[in-house]
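Input: a single structure, listed below in structure tokens.
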Amino acid sequence: MPVDLVIDIENTPGALADIAAAISDAGVNIAAATCIGSGERAELHILIPHAEAAKHVLAIAGVLATREREVVVVDVHDRPGVLADLTRKIARAGVDLDLVYVATENRVVFGAQDLAALRTALGVAA
């Protein structure tokens, strides 16, 4: 089950490097990441296959995940219009997205309150 883990971090040089190193040193692959914030704090989203190992390593490093949630990950071809096509399907199904970012290996990560409807719209199994 792919998980979007949210970590509130200091917006300082090296903060992301420290977190990424702690997670990777524990053997957990970060399949995607996006970090948003221009002030003193930033919100880091990371896509990982399982949250428990990453949360454990982060806790040891004194960093706490503020939220975690299951997301839908879709394999795509890297070409113009892919995101438009996918989001049109989602919109036609009446699903309100609250998270979208791109992952490694030509994948797109989607989050919504109604994951079942999102999966159905995208034709993705649970």
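Starting from 1 in every chain, residues are counted up; chains themselves are A, B, ... following the order of the structure tokens, and ligands are numbered from 1 as listed.
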For A:Asn106: contacts at 12 Å, only C-alpha atoms, fewer than 5 positions along chain excluded, given as a list in words: Ala31, Ala32, Val73, Val74, Asp75, Val76, His77, Asp78, Arg79, Val82, Leu83 and Tyr101 of chain A
Strand (DSSP E or B) per DSSP on the backbone: members of chain A, as a ChimeraX atom specification: /A:3-10,32-36,41-48,65-70,72-75,97-103,107-112
Residues just named, written with N, CA and C atoms as a CSV table (one decimal), in the first residue's frame:
chain,number,residue,atom,x,y,z
A,3,VAL,N,2.0,4.9,0.6
A,3,VAL,CA,1.7,5.9,1.6
A,3,VAL,C,2.3,7.2,1.4
A,4,ASP,N,1.6,8.3,1.5
A,4,ASP,CA,2.1,9.6,1.5
A,4,ASP,C,2.3,10.0,2.9
A,5,LEU,N,3.6,10.2,3.3
A,5,LEU,CA,3.9,10.6,4.7
A,5,LEU,C,4.3,12.1,4.6
A,6,VAL,N,3.7,12.8,5.6
A,6,VAL,CA,3.9,14.3,5.6
A,6,VAL,C,4.7,14.6,6.9
A,7,ILE,N,5.8,15.4,6.6
A,7,ILE,CA,6.7,15.7,7.7
A,7,ILE,C,6.9,17.2,7.7
A,8,ASP,N,6.7,17.8,8.8
A,8,ASP,CA,6.9,19.3,9.0
A,8,ASP,C,8.4,19.5,9.3
A,9,ILE,N,9.1,20.2,8.4
A,9,ILE,CA,10.5,20.3,8.6
A,9,ILE,C,10.9,21.8,8.7
A,10,GLU,N,12.1,22.0,9.3
A,10,GLU,CA,12.6,23.4,9.2
A,10,GLU,C,13.1,23.7,7.8
A,32,ALA,N,9.0,9.1,-4.2
A,32,ALA,CA,8.7,10.5,-4.7
A,32,ALA,C,8.8,11.4,-3.5
A,33,ALA,N,9.0,12.6,-3.8
A,33,ALA,CA,9.0,13.7,-2.7
A,33,ALA,C,8.6,15.0,-3.3
A,34,THR,N,7.9,15.8,-2.5
A,34,THR,CA,7.7,17.2,-2.9
A,34,THR,C,7.7,17.9,-1.6
A,35,CYS,N,8.3,19.1,-1.6
A,35,CYS,CA,8.4,19.9,-0.4
A,35,CYS,C,7.9,21.3,-0.7
A,36,ILE,N,7.0,21.8,0.1
A,36,ILE,CA,6.4,23.1,-0.1
A,36,ILE,C,6.6,24.0,1.1
A,41,ARG,N,9.2,27.1,8.1
A,41,ARG,CA,8.8,25.7,8.0
A,41,ARG,C,8.4,25.3,6.6
A,42,ALA,N,8.6,24.0,6.3
A,42,ALA,CA,8.1,23.5,5.1
A,42,ALA,C,7.4,22.2,5.3
A,43,GLU,N,6.5,21.8,4.4
A,43,GLU,CA,5.8,20.6,4.4
A,43,GLU,C,6.4,19.6,3.4
A,44,LEU,N,7.0,18.5,3.9
A,44,LEU,CA,7.6,17.5,3.0
A,44,LEU,C,6.6,16.4,2.9
A,45,HIS,N,6.3,16.0,1.6
A,45,HIS,CA,5.5,14.8,1.3
A,45,HIS,C,6.4,13.8,0.7
A,46,ILE,N,6.4,12.6,1.2
A,46,ILE,CA,7.2,11.5,0.6
A,46,ILE,C,6.3,10.3,0.4
A,47,LEU,N,6.6,9.7,-0.8
A,47,LEU,CA,5.9,8.5,-1.1
A,47,LEU,C,6.8,7.3,-0.8
A,48,ILE,N,6.2,6.4,0.1
A,48,ILE,CA,7.0,5.2,0.5
A,48,ILE,C,6.0,4.0,0.5
A,65,ALA,N,6.4,12.4,11.8
A,65,ALA,CA,5.5,12.6,10.7
A,65,ALA,C,4.2,13.2,11.3
A,66,THR,N,3.7,14.2,10.6
A,66,THR,CA,2.5,14.9,11.1
A,66,THR,C,1.2,14.2,10.6
A,67,ARG,N,1.3,13.6,9.4
A,67,ARG,CA,0.2,12.9,8.8
A,67,ARG,C,0.7,11.8,7.9
A,68,GLU,N,-0.2,10.8,7.7
A,68,GLU,CA,0.1,9.7,6.7
A,68,GLU,C,-1.2,9.3,6.2
A,69,ARG,N,-1.2,8.9,4.9
A,69,ARG,CA,-2.4,8.5,4.3
A,69,ARG,C,-2.1,7.6,3.1
A,70,GLU,N,-3.0,6.7,2.8
A,70,GLU,CA,-2.9,5.9,1.6
A,70,GLU,C,-3.2,6.8,0.4
A,72,VAL,N,-3.2,6.8,-4.2
A,72,VAL,CA,-3.3,6.0,-5.4
A,72,VAL,C,-2.2,6.4,-6.4
A,73,VAL,N,-1.4,5.4,-6.8
A,73,VAL,CA,-0.3,5.6,-7.7
A,73,VAL,C,-0.6,5.0,-9.0
A,74,VAL,N,-0.4,5.8,-10.1
A,74,VAL,CA,-0.8,5.3,-11.5
A,74,VAL,C,0.5,5.3,-12.3
A,75,ASP,N,0.8,4.2,-13.0
A,75,ASP,CA,1.8,4.2,-14.0
A,75,ASP,C,1.4,4.9,-15.2
A,97,LEU,N,-9.9,15.9,-5.9
A,97,LEU,CA,-8.5,15.6,-5.6
A,97,LEU,C,-8.0,16.6,-4.5
A,98,ASP,N,-7.2,16.2,-3.6
A,98,ASP,CA,-6.5,17.1,-2.7
A,98,ASP,C,-5.0,16.9,-2.6
A,99,LEU,N,-4.5,16.0,-3.5
A,99,LEU,CA,-3.1,15.8,-3.6
A,99,LEU,C,-2.7,15.3,-5.0
A,100,VAL,N,-1.7,15.8,-5.6
A,100,VAL,CA,-1.2,15.3,-6.9
A,100,VAL,C,0.3,15.6,-6.9
A,101,TYR,N,1.1,14.6,-7.2
A,101,TYR,CA,2.5,14.9,-7.5
A,101,TYR,C,3.1,13.7,-8.3
A,102,VAL,N,4.3,14.0,-8.9
A,102,VAL,CA,4.9,13.0,-9.8
A,102,VAL,C,5.9,12.2,-9.1
A,103,ALA,N,5.9,10.9,-9.3
A,103,ALA,CA,6.9,10.0,-8.7
A,103,ALA,C,7.9,9.4,-9.7
A,107,ARG,N,5.3,7.7,-12.8
A,107,ARG,CA,4.1,7.5,-12.0
A,107,ARG,C,3.6,8.8,-11.5
A,108,VAL,N,2.2,8.8,-11.3
A,108,VAL,CA,1.6,10.0,-10.7
A,108,VAL,C,0.9,9.6,-9.5
A,109,VAL,N,1.0,10.4,-8.4
A,109,VAL,CA,0.4,10.1,-7.1
A,109,VAL,C,-0.8,11.0,-7.0
A,110,PHE,N,-1.9,10.3,-6.6
A,110,PHE,CA,-3.2,11.1,-6.4
A,110,PHE,C,-3.7,10.8,-5.0
A,111,GLY,N,-4.2,11.8,-4.3
A,111,GLY,CA,-4.9,11.7,-3.1
A,111,GLY,C,-6.3,12.3,-3.1
A,112,ALA,N,-7.2,11.7,-2.4
A,112,ALA,CA,-8.6,12.2,-2.3
A,112,ALA,C,-9.2,11.6,-1.1
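With only C-alpha atoms as the atoms that count, the minimum distance from A:Ser38 to the choices A:Ala116, A:Thr12, A:Ala54, A:Gly81 is reached by A:Thr12.
Relative to atom CA of A:Ile23, atom CA of A:Asp114 is found at 28.9 Å.
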